[in-house]
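Asks: work_38.cif is reproduced below (mmCIF, C-alpha atoms).
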```cif
data_upload
loop_
_atom_site.label_atom_id
_atom_site.label_comp_id
_atom_site.auth_asym_id
_atom_site.auth_seq_id
_atom_site.Cartn_x
_atom_site.Cartn_y
_atom_site.Cartn_z
CA MET E 776 -38.86 26.58 -3.22
CA SER E 777 -38.89 30.25 -2.13
CA LEU E 778 -35.51 31.82 -1.40
CA PHE E 779 -34.86 35.12 0.35
CA ILE E 780 -31.85 37.40 0.78
CA THR E 781 -31.95 37.97 4.52
CA LYS E 782 -28.89 40.24 4.59
CA TYR E 783 -26.23 41.54 2.23
CA CYS E 784 -22.93 43.38 2.65
CA SER E 785 -20.82 45.34 0.17
CA ILE E 786 -17.26 46.66 0.43
CA LYS E 787 -15.88 49.03 -2.22
CA ASN E 788 -14.55 52.57 -2.61
CA ASN E 789 -13.35 52.66 1.02
CA GLN E 790 -16.87 52.02 2.29
CA VAL E 791 -18.75 49.21 3.96
CA SER E 792 -22.49 49.02 3.27
CA ILE E 793 -25.00 46.75 4.97
CA ASN E 794 -28.34 46.16 3.27
CA GLY E 795 -27.67 49.16 1.05
CA ASN E 796 -26.84 51.57 3.87
CA ILE E 797 -23.30 52.91 4.34
CA ASP E 798 -22.06 51.71 7.72
CA PHE E 799 -18.35 52.65 7.63
CA THR E 800 -16.27 55.07 5.55
CA PHE E 801 -12.50 55.48 5.60
CA LYS E 802 -11.14 58.79 4.27
CA ASP E 803 -7.51 58.74 5.40
CA SER E 804 -6.11 56.76 2.48
CA PHE E 805 -7.12 54.94 -0.68
CA GLU E 806 -4.57 52.21 0.00
CA PHE E 807 -6.44 48.95 0.45
CA GLY E 808 -4.22 47.74 3.28
CA LYS E 809 -4.90 50.79 5.43
CA PHE E 810 -8.62 50.73 4.68
CA ILE E 811 -9.12 47.03 5.43
CA ARG E 812 -7.21 47.26 8.72
CA ALA E 813 -9.27 50.29 9.75
CA ALA E 814 -12.49 48.41 8.96
CA TYR E 815 -11.24 45.38 10.88
CA ARG E 816 -10.67 47.55 13.95
CA TYR E 817 -13.96 49.42 13.52
CA TYR E 818 -15.97 46.20 13.69
CA LYS E 819 -13.96 45.05 16.73
CA ILE E 820 -13.01 41.74 15.16
CA ARG E 821 -10.61 39.54 17.11
CA TYR E 822 -8.95 37.07 14.79
CA PRO E 823 -5.12 37.35 14.64
CA LYS E 824 -4.87 35.08 11.59
CA PHE E 825 -6.50 37.89 9.59
CA PHE E 826 -3.17 39.73 9.39
CA LYS E 827 -1.47 36.73 7.75
CA MET E 828 -4.03 36.47 4.93
CA ASP E 829 -3.48 37.80 1.44
CA ASN E 830 -5.61 40.75 0.32
CA LEU E 831 -8.25 38.66 -1.45
CA CYS E 832 -8.83 36.58 1.67
CA LYS E 833 -8.90 39.67 3.89
CA LEU E 834 -11.61 41.20 1.72
CA GLY E 835 -13.72 38.06 1.57
CA PHE E 836 -13.21 37.28 5.24
CA LEU E 837 -14.18 40.77 6.42
CA THR E 838 -17.24 40.93 4.16
CA ALA E 839 -18.45 37.57 5.46
CA GLU E 840 -17.67 38.58 9.03
CA ILE E 841 -19.89 41.66 8.74
CA LEU E 842 -22.54 39.74 6.80
CA LEU E 843 -22.85 37.12 9.53
CA LYS E 844 -22.56 39.52 12.45
CA ASP E 845 -25.61 39.13 14.73
CA GLN E 846 -27.10 36.52 12.36
CA LYS E 847 -26.20 33.53 14.59
CA ILE E 848 -26.59 31.15 11.66
CA LEU E 849 -25.02 28.27 13.58
CA ASN E 850 -27.86 28.58 16.07
CA SER E 851 -30.31 28.09 13.20
CA TYR E 852 -28.45 25.52 11.11
CA THR E 853 -25.93 22.77 11.58
CA SER E 854 -22.49 23.47 10.13
CA ASP E 855 -23.07 21.19 7.13
CA GLU E 856 -26.37 22.90 6.22
CA ILE E 857 -24.58 26.11 5.17
CA SER E 858 -22.83 26.45 1.80
CA ILE E 859 -20.52 29.08 0.29
CA ILE E 860 -20.63 29.92 -3.44
CA LEU E 861 -18.35 32.80 -4.49
CA THR E 862 -17.17 34.33 -7.76
CA ASN E 863 -14.37 36.63 -8.84
CA SER E 864 -12.45 37.49 -11.99
CA SER E 865 -8.77 37.62 -10.99
CA SER E 866 -8.67 34.41 -9.00
CA SER E 867 -5.60 34.59 -6.72
CA LEU E 868 -3.51 36.31 -9.41
CA GLU E 869 -1.81 38.88 -7.16
CA THR E 870 -0.54 36.19 -4.80
CA ASP E 871 0.36 33.97 -7.76
CA GLU E 872 2.59 36.75 -9.05
CA LYS E 873 4.23 37.17 -5.65
CA HIS E 874 4.86 33.43 -5.50
CA PHE E 875 6.33 33.45 -9.02
CA GLU E 876 8.82 36.13 -7.98
CA THR E 877 10.19 33.72 -5.36
CA ILE E 878 10.75 30.83 -7.79
CA LYS E 879 11.59 32.36 -11.19
CA ASP E 880 15.33 32.64 -10.51
CA ARG E 881 16.96 29.28 -9.81
CA ASP E 882 19.96 31.00 -8.26
CA HIS E 883 17.75 32.89 -5.82
CA TYR E 884 15.06 30.33 -5.21
CA TYR E 885 13.22 31.15 -2.00
CA PRO E 886 9.55 29.99 -2.08
CA SER E 887 7.58 31.12 0.96
CA PRO E 888 4.95 28.76 2.41
CA SER E 889 3.08 31.77 3.82
CA ILE E 890 2.63 33.09 0.26
CA PHE E 891 2.15 29.76 -1.51
CA VAL E 892 -0.76 28.77 0.75
CA TYR E 893 -2.87 31.58 -0.77
CA THR E 894 -2.27 30.68 -4.43
CA LEU E 895 -5.77 29.22 -4.76
CA PRO E 896 -8.94 31.38 -4.68
CA ASN E 897 -10.87 28.75 -2.71
CA ILE E 898 -8.57 29.40 0.25
CA MET E 899 -10.79 32.48 0.70
CA SER E 900 -13.91 30.36 1.17
CA GLY E 901 -11.85 28.04 3.34
CA GLU E 902 -10.87 30.88 5.67
CA ILE E 903 -14.54 31.86 6.02
CA SER E 904 -15.48 28.24 6.69
CA ILE E 905 -12.83 27.82 9.39
CA ARG E 906 -13.82 31.04 11.13
CA HIS E 907 -17.54 30.21 11.25
CA LYS E 908 -17.24 26.41 11.46
CA ILE E 909 -19.06 25.97 8.16
CA LYS E 910 -18.73 22.43 6.79
CA GLY E 911 -21.12 22.54 3.82
CA GLU E 912 -20.19 22.75 0.15
CA ASN E 913 -18.00 25.65 -0.92
CA ALA E 914 -16.61 26.80 -4.24
CA VAL E 915 -15.10 29.82 -5.97
CA PHE E 916 -15.91 30.27 -9.65
CA ILE E 917 -14.02 32.55 -12.03
CA CYS E 918 -16.29 34.96 -13.93
CA GLU E 919 -15.10 37.87 -16.05
CA LYS E 920 -17.45 40.29 -14.29
CA TYR E 921 -20.25 40.35 -11.75
CA ASP E 922 -22.74 37.84 -13.15
CA PRO E 923 -26.11 37.78 -11.36
CA ASP E 924 -27.41 34.96 -13.58
CA PHE E 925 -24.47 32.72 -12.71
CA ILE E 926 -24.62 33.54 -9.00
CA TYR E 927 -28.36 32.90 -8.90
CA ASN E 928 -28.19 29.60 -10.77
CA GLN E 929 -25.27 28.20 -8.77
CA ALA E 930 -26.74 29.21 -5.41
CA LYS E 931 -30.19 27.91 -6.36
CA LEU E 932 -28.68 24.62 -7.51
CA THR E 933 -26.90 24.25 -4.18
CA LEU E 934 -29.95 25.25 -2.15
CA GLY E 935 -32.00 22.77 -4.13
CA LYS E 936 -30.33 20.00 -2.16
CA GLU E 937 -32.41 18.99 0.82
CA ARG E 938 -29.61 19.18 3.37
CA VAL E 939 -28.58 22.74 2.39
CA LYS E 940 -30.61 25.38 4.25
CA SER E 941 -28.55 28.54 3.74
CA CYS E 942 -25.97 29.89 1.31
CA ILE E 943 -23.40 32.69 1.44
CA THR E 944 -22.96 33.81 -2.15
CA GLY E 945 -21.76 36.72 -4.27
CA ARG E 946 -18.56 38.26 -5.61
CA VAL E 947 -15.21 39.05 -4.02
CA GLU E 948 -12.64 40.61 -6.34
CA TYR E 949 -9.17 41.97 -5.55
CA TYR E 950 -6.18 42.77 -7.76
CA ASP E 951 -3.59 45.53 -7.56
CA ASN E 952 -5.48 47.70 -5.05
CA ASN E 953 -8.71 47.45 -7.08
CA TYR E 954 -11.38 45.69 -5.11
CA GLU E 955 -15.06 45.12 -4.56
CA SER E 956 -17.13 42.59 -2.68
CA LEU E 957 -20.83 41.91 -2.45
CA LEU E 958 -22.05 38.95 -0.40
CA PHE E 959 -25.58 37.77 0.22
CA LEU E 960 -26.95 35.53 2.93
CA VAL E 961 -29.67 33.46 1.25
CA GLU E 962 -32.11 31.27 3.16
CA LYS E 963 -35.02 29.03 2.31
CA GLU E 964 -38.38 30.46 3.32
CA ASN E 965 -39.31 27.39 5.35
CA ASN E 966 -36.13 27.73 7.42
CA ILE E 967 -36.45 31.42 8.32
CA LYS E 968 -37.13 31.40 12.04
CA ASP E 969 -38.68 34.85 12.46
CA LYS E 970 -41.63 34.88 10.06
CA ASN E 971 -42.72 38.29 11.37
CA VAL E 972 -39.85 40.07 9.62
CA LYS E 973 -40.07 38.16 6.33
CA SER E 974 -41.54 41.24 4.65
CA GLU E 975 -38.20 43.00 5.22
CA PHE E 976 -36.31 40.40 3.19
CA ILE E 977 -35.63 40.48 -0.55
CA ILE E 978 -36.68 37.73 -2.93
CA PHE E 979 -33.60 35.96 -4.26
CA ASN E 980 -33.74 36.32 -8.03
CA VAL E 981 -31.59 37.63 -10.89
CA ALA E 982 -33.34 40.99 -11.13
CA ASN E 983 -32.78 41.78 -7.45
CA LEU E 984 -29.16 40.63 -7.57
CA ASP E 985 -28.59 42.95 -10.52
CA GLU E 986 -30.43 45.89 -8.92
CA ILE E 987 -28.53 45.59 -5.63
CA TYR E 988 -25.17 45.52 -7.44
CA LYS E 989 -26.00 48.61 -9.51
CA SER E 990 -27.40 50.63 -6.60
#
```
Please lay out the structure from this file as structure tokens.
Replies:
Amino acid sequence: MSLFITKYCSIKNNQVSINGNIDFTFKDSFEFGKFIRAAYRYYKIRYPKFFKMDNLCKLGFLTAEILLKDQKILNSYTSDEISIILTNSSSSLETDEKHFETIKDRDHYYPSPSIFVYTLPNIMSGEISIRHKIKGENAVFICEKYDPDFIYNQAKLTLGKERVKSCITGRVEYYDNNYESLLFLVEKENNIKDKNVKSEFIIFNVANLDEIYKS
């Protein structure tokens, strides 16, 4: 089974890169909130729920939005043929801490449903799934650091199932204004529609995942 990275997107250091090329830079502030809103406007996204998400979900959602832009994957695959396999190291810790602040004092107990709903990291993959009508398998694994071996093995395992044709995989990490994301769109060779551009794609393997992250 031959697998190819047909597109990848990275967001870090106030920049958005697509296939290794910087596509958007924000110089006005290093505050994540200002940067992510500026990127959202730059890519002309229309999705009001974005502003209700926690920062981890905003980062994952925007990276996936840019990754899938112009890809039209739902024209190539049914919704249950696409899977999402993500990793990060902080889970939903920042939102967990915000939720804890609302419940730690019994005399001032005021839990907020709008905060509590984001106290699971797989809500991030859920938001991506809802937006793009993806109904395949999805999971978020906690890894101490970017782990190309783990990402490769989990995505390959998922793509080894006959019904799975494509996988969105990679890392999305956010905690205390420190953030980075790197998502890959991986497809089986037999399912790539445009064979003429296959030479432009990258073989999905550990070495290439590691090289792309370090570049």
Asks: Written as a PyMOL selection string, which residues does the PyMOL selection byres ((chain E and resi 982-987) around 12) give for the file shown?
Replies: chain E and resi 778-780+782-785+792-796+921-928+930+944-946+957-961+976-981+988-990
Asks: In Å to one decimal, how far is CA of Tyr949 (chain E) from CA of Asn830 (chain E)?
Replies: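 The value is 7.0 Å.
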Asks: Please write the residues picked by the PyMOL selection byres ((chain E and resi 913) around 7) on this file as a list in words.
Replies: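 On the file shown, the PyMOL selection byres ((chain E and resi 913) around 7) covers Ser858, Ile859, Ile860, Ser900, Gly911, Glu912 and Ala914 of chain E.
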Asks: Please list as a PyMOL selection string every residue within 9 Å of region 823-827 of chain E, counting only C-alpha atoms and excluding residues in the same chain fewer than 3 positions away.
Replies: chain E and resi 812+815+832-833+836-837+889
Asks: What separation in Å, quoted to one decimal, exists between CA of Ile786 (chain E) and CA of Met828 (chain E)?
Replies: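 Computed distance, CA of Ile786 (chain E) to CA of Met828 (chain E), equals 17.3 Å.
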Asks: Would you compute, for all listed atoms of region 885-890 of chain E, the axis-aligned bounding box grown by 3 Å on each side, and then report its centre and edge lengths in Å rounded to one decimal, as AutoDock Vina command-line options?
Replies:
```
--center_x 7.9 --center_y 30.9 --center_z 0.9 --size_x 16.6 --size_y 10.3 --size_z 11.9
```
Asks: For this structure, which residues satisfy the selection - the PyMOL selection byres ((chain E and resi 806) around 12) - when it is evaluated on the file as given? I want them as a short mmCIF file (atom, residue, chain, number, x, y, z; two decimals) with C-alpha atoms, in the coordinates of the input.
Replies:
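Below you can see out-v5.cif, which holds the result:
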```cif
data_model
loop_
_atom_site.label_atom_id
_atom_site.label_comp_id
_atom_site.auth_asym_id
_atom_site.auth_seq_id
_atom_site.Cartn_x
_atom_site.Cartn_y
_atom_site.Cartn_z
CA LYS E 787 -15.88 49.03 -2.22
CA ASN E 788 -14.55 52.57 -2.61
CA ASN E 789 -13.35 52.66 1.02
CA PHE E 801 -12.50 55.48 5.60
CA LYS E 802 -11.14 58.79 4.27
CA ASP E 803 -7.51 58.74 5.40
CA SER E 804 -6.11 56.76 2.48
CA PHE E 805 -7.12 54.94 -0.68
CA PHE E 807 -6.44 48.95 0.45
CA GLY E 808 -4.22 47.74 3.28
CA LYS E 809 -4.90 50.79 5.43
CA PHE E 810 -8.62 50.73 4.68
CA ILE E 811 -9.12 47.03 5.43
CA ARG E 812 -7.21 47.26 8.72
CA ALA E 813 -9.27 50.29 9.75
CA ASN E 830 -5.61 40.75 0.32
CA ASP E 951 -3.59 45.53 -7.56
CA ASN E 952 -5.48 47.70 -5.05
CA ASN E 953 -8.71 47.45 -7.08
CA TYR E 954 -11.38 45.69 -5.11
#
```
Asks: In Å to one decimal, how far is CA of Phe875 (chain E) from CA of Ser887 (chain E)?
Replies: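 These two atoms are separated by 10.3 Å.
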Asks: (-7.5, 31.0, -9.9) in this file's frame - what residues fall within 10 Å of it? Use all atoms listed in the file and give the answer as a PyMOL selection string.
Replies: chain E and resi 863-868+871+894-897+915-917
Asks: Compare E:Lys879, E:Lys931, E:Arg821, E:Lys910 by their minimum atom-to-atom distance to Ile857 (chain E), counting all atoms listed in the file, and give me the closest one.
Replies: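 Once distances to Ile857 (chain E) are computed over all atoms listed in the file, the minimum belongs to E:Lys910.
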Asks: Go through E:Val892, E:Leu934, E:Ala814, E:Cys942 and flag the residue nearest Val791 (chain E), using all atoms listed in the file for the distances.
Replies: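 Closest residue, counting all atoms listed in the file: E:Ala814.
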Asks: Skipping near chain neighbours, those fewer than 5 positions away, what residues fall within 10 Å of Asn965 (chain E) using only C-alpha atoms, listed as a short mmCIF file (atom, residue, chain, number, x, y, z; two decimals) with C-alpha atoms, keeping the file's coordinate frame?
Replies:
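Result file is around-v7.cif:
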```
data_model
loop_
_atom_site.label_atom_id
_atom_site.label_comp_id
_atom_site.auth_asym_id
_atom_site.auth_seq_id
_atom_site.Cartn_x
_atom_site.Cartn_y
_atom_site.Cartn_z
CA MET E 776 -38.86 26.58 -3.22
CA SER E 777 -38.89 30.25 -2.13
CA LEU E 778 -35.51 31.82 -1.40
CA LYS E 940 -30.61 25.38 4.25
CA LYS E 970 -41.63 34.88 10.06
#
```
Asks: Nearest to Ile841 (chain E): which of E:Ile967, E:Tyr818, E:Arg906, E:Glu955 is it, counting only C-alpha atoms?
Replies: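 Looking only at the distances to Ile841 (chain E), the closest residue turns out to be E:Tyr818.
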Asks: List the residues sitting within 12 Å of (-23.2, 26.7, 14.2) in the file's frame, using only C-alpha atoms, as a list in words.
Replies: Leu843, Gln846, Lys847, Ile848, Leu849, Asn850, Ser851, Tyr852, Thr853, Ser854, Asp855, Glu856, Ile857, Ser904, Ile905, Arg906, His907, Lys908, Ile909, Lys910, Gly911 and Ser941 of chain E
Asks: Between E:Tyr950, E:Gly935, E:Glu962, E:Tyr817, single out the one closest to Glu872 (chain E), counting all atoms listed in the file.
Replies: E:Tyr950
Asks: Restricting the calculation to only C-alpha atoms: of E:Gly901, E:Glu840, E:Leu834, E:Thr862, which residue gets closest to Ile820 (chain E)?
Replies: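 Ranked by minimum distance to Ile820 (chain E), first place goes to E:Glu840.
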Asks: Complete the atom set of region 893-904 of chain E to all heavy atoms and return it as a PDB file, keeping the file's coordinate frame.
Replies:
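Wrote it out as out-v3.pdb, contents follow:
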```
ATOM      1  N   TYR E 893      -1.759  30.768  -0.261  1.00  0.00           N
ATOM      2  CA  TYR E 893      -2.870  31.580  -0.770  1.00  0.00           C
ATOM      3  C   TYR E 893      -2.932  31.623  -2.300  1.00  0.00           C
ATOM      4  O   TYR E 893      -3.590  32.493  -2.867  1.00  0.00           O
ATOM      5  CB  TYR E 893      -2.786  32.993  -0.197  1.00  0.00           C
ATOM      6  CG  TYR E 893      -3.095  33.024   1.286  1.00  0.00           C
ATOM      7  CD1 TYR E 893      -2.087  33.210   2.226  1.00  0.00           C
ATOM      8  CD2 TYR E 893      -4.391  32.821   1.749  1.00  0.00           C
ATOM      9  CE1 TYR E 893      -2.367  33.217   3.591  1.00  0.00           C
ATOM     10  CE2 TYR E 893      -4.688  32.815   3.098  1.00  0.00           C
ATOM     11  CZ  TYR E 893      -3.670  33.007   4.016  1.00  0.00           C
ATOM     12  OH  TYR E 893      -3.956  32.989   5.365  1.00  0.00           O
ATOM     13  N   THR E 894      -2.265  30.690  -2.962  1.00  0.00           N
ATOM     14  CA  THR E 894      -2.270  30.680  -4.430  1.00  0.00           C
ATOM     15  C   THR E 894      -3.434  29.880  -5.002  1.00  0.00           C
ATOM     16  O   THR E 894      -3.353  29.353  -6.107  1.00  0.00           O
ATOM     17  CB  THR E 894      -0.938  30.137  -4.987  1.00  0.00           C
ATOM     18  OG1 THR E 894      -0.685  28.847  -4.410  1.00  0.00           O
ATOM     19  CG2 THR E 894       0.208  31.079  -4.679  1.00  0.00           C
ATOM     20  N   LEU E 895      -4.518  29.793  -4.277  1.00  0.00           N
ATOM     21  CA  LEU E 895      -5.770  29.220  -4.760  1.00  0.00           C
ATOM     22  C   LEU E 895      -6.911  30.115  -4.266  1.00  0.00           C
ATOM     23  O   LEU E 895      -6.947  30.453  -3.083  1.00  0.00           O
ATOM     24  CB  LEU E 895      -5.980  27.797  -4.244  1.00  0.00           C
ATOM     25  CG  LEU E 895      -5.120  26.684  -4.848  1.00  0.00           C
ATOM     26  CD1 LEU E 895      -5.340  25.399  -4.072  1.00  0.00           C
ATOM     27  CD2 LEU E 895      -5.454  26.480  -6.318  1.00  0.00           C
ATOM     28  N   PRO E 896      -7.858  30.489  -5.130  1.00  0.00           N
ATOM     29  CA  PRO E 896      -8.940  31.380  -4.680  1.00  0.00           C
ATOM     30  C   PRO E 896      -9.858  30.734  -3.651  1.00  0.00           C
ATOM     31  O   PRO E 896     -10.454  31.429  -2.833  1.00  0.00           O
ATOM     32  CB  PRO E 896      -9.689  31.705  -5.972  1.00  0.00           C
ATOM     33  CG  PRO E 896      -9.383  30.560  -6.890  1.00  0.00           C
ATOM     34  CD  PRO E 896      -7.979  30.158  -6.561  1.00  0.00           C
ATOM     35  N   ASN E 897      -9.960  29.383  -3.671  1.00  0.00           N
ATOM     36  CA  ASN E 897     -10.870  28.750  -2.710  1.00  0.00           C
ATOM     37  C   ASN E 897     -10.314  28.739  -1.293  1.00  0.00           C
ATOM     38  O   ASN E 897     -11.013  28.341  -0.356  1.00  0.00           O
ATOM     39  CB  ASN E 897     -11.254  27.339  -3.157  1.00  0.00           C
ATOM     40  CG  ASN E 897     -10.081  26.386  -3.178  1.00  0.00           C
ATOM     41  OD1 ASN E 897      -8.942  26.800  -3.364  1.00  0.00           O
ATOM     42  ND2 ASN E 897     -10.348  25.109  -3.004  1.00  0.00           N
ATOM     43  N   ILE E 898      -9.079  29.200  -1.120  1.00  0.00           N
ATOM     44  CA  ILE E 898      -8.570  29.400   0.250  1.00  0.00           C
ATOM     45  C   ILE E 898      -9.414  30.474   0.933  1.00  0.00           C
ATOM     46  O   ILE E 898      -9.630  30.441   2.140  1.00  0.00           O
ATOM     47  CB  ILE E 898      -7.082  29.820   0.225  1.00  0.00           C
ATOM     48  CG1 ILE E 898      -6.237  28.721  -0.433  1.00  0.00           C
ATOM     49  CG2 ILE E 898      -6.574  30.095   1.636  1.00  0.00           C
ATOM     50  CD1 ILE E 898      -6.316  27.367   0.259  1.00  0.00           C
ATOM     51  N   MET E 899      -9.926  31.431   0.154  1.00  0.00           N
ATOM     52  CA  MET E 899     -10.790  32.480   0.700  1.00  0.00           C
ATOM     53  C   MET E 899     -12.047  31.869   1.331  1.00  0.00           C
ATOM     54  O   MET E 899     -12.396  32.189   2.471  1.00  0.00           O
ATOM     55  CB  MET E 899     -11.178  33.459  -0.409  1.00  0.00           C
ATOM     56  CG  MET E 899     -12.277  34.437  -0.041  1.00  0.00           C
ATOM     57  SD  MET E 899     -12.596  35.653  -1.343  1.00  0.00           S
ATOM     58  CE  MET E 899     -12.855  34.629  -2.785  1.00  0.00           C
ATOM     59  N   SER E 900     -12.722  30.997   0.601  1.00  0.00           N
ATOM     60  CA  SER E 900     -13.910  30.360   1.170  1.00  0.00           C
ATOM     61  C   SER E 900     -13.526  29.427   2.311  1.00  0.00           C
ATOM     62  O   SER E 900     -14.290  29.259   3.268  1.00  0.00           O
ATOM     63  CB  SER E 900     -14.676  29.583   0.086  1.00  0.00           C
ATOM     64  OG  SER E 900     -13.876  28.579  -0.509  1.00  0.00           O
ATOM     65  N   GLY E 901     -12.324  28.866   2.248  1.00  0.00           N
ATOM     66  CA  GLY E 901     -11.850  28.040   3.340  1.00  0.00           C
ATOM     67  C   GLY E 901     -11.634  28.822   4.619  1.00  0.00           C
ATOM     68  O   GLY E 901     -11.969  28.352   5.713  1.00  0.00           O
ATOM     69  N   GLU E 902     -11.086  30.034   4.487  1.00  0.00           N
ATOM     70  CA  GLU E 902     -10.870  30.880   5.670  1.00  0.00           C
ATOM     71  C   GLU E 902     -12.210  31.250   6.319  1.00  0.00           C
ATOM     72  O   GLU E 902     -12.337  31.273   7.547  1.00  0.00           O
ATOM     73  CB  GLU E 902     -10.109  32.146   5.286  1.00  0.00           C
ATOM     74  CG  GLU E 902      -8.673  31.932   4.817  1.00  0.00           C
ATOM     75  CD  GLU E 902      -7.710  31.625   5.959  1.00  0.00           C
ATOM     76  OE1 GLU E 902      -8.168  31.286   7.069  1.00  0.00           O
ATOM     77  OE2 GLU E 902      -6.497  31.726   5.736  1.00  0.00           O
ATOM     78  N   ILE E 903     -13.212  31.544   5.488  1.00  0.00           N
ATOM     79  CA  ILE E 903     -14.540  31.860   6.020  1.00  0.00           C
ATOM     80  C   ILE E 903     -15.124  30.644   6.723  1.00  0.00           C
ATOM     81  O   ILE E 903     -15.711  30.748   7.803  1.00  0.00           O
ATOM     82  CB  ILE E 903     -15.465  32.335   4.882  1.00  0.00           C
ATOM     83  CG1 ILE E 903     -14.940  33.642   4.273  1.00  0.00           C
ATOM     84  CG2 ILE E 903     -16.897  32.526   5.388  1.00  0.00           C
ATOM     85  CD1 ILE E 903     -15.621  34.035   2.976  1.00  0.00           C
ATOM     86  N   SER E 904     -14.946  29.486   6.112  1.00  0.00           N
ATOM     87  CA  SER E 904     -15.480  28.240   6.690  1.00  0.00           C
ATOM     88  C   SER E 904     -14.840  27.937   8.028  1.00  0.00           C
ATOM     89  O   SER E 904     -15.526  27.538   8.978  1.00  0.00           O
ATOM     90  CB  SER E 904     -15.243  27.080   5.716  1.00  0.00           C
ATOM     91  OG  SER E 904     -15.940  27.263   4.507  1.00  0.00           O
TER      92      SER E 904
END
```
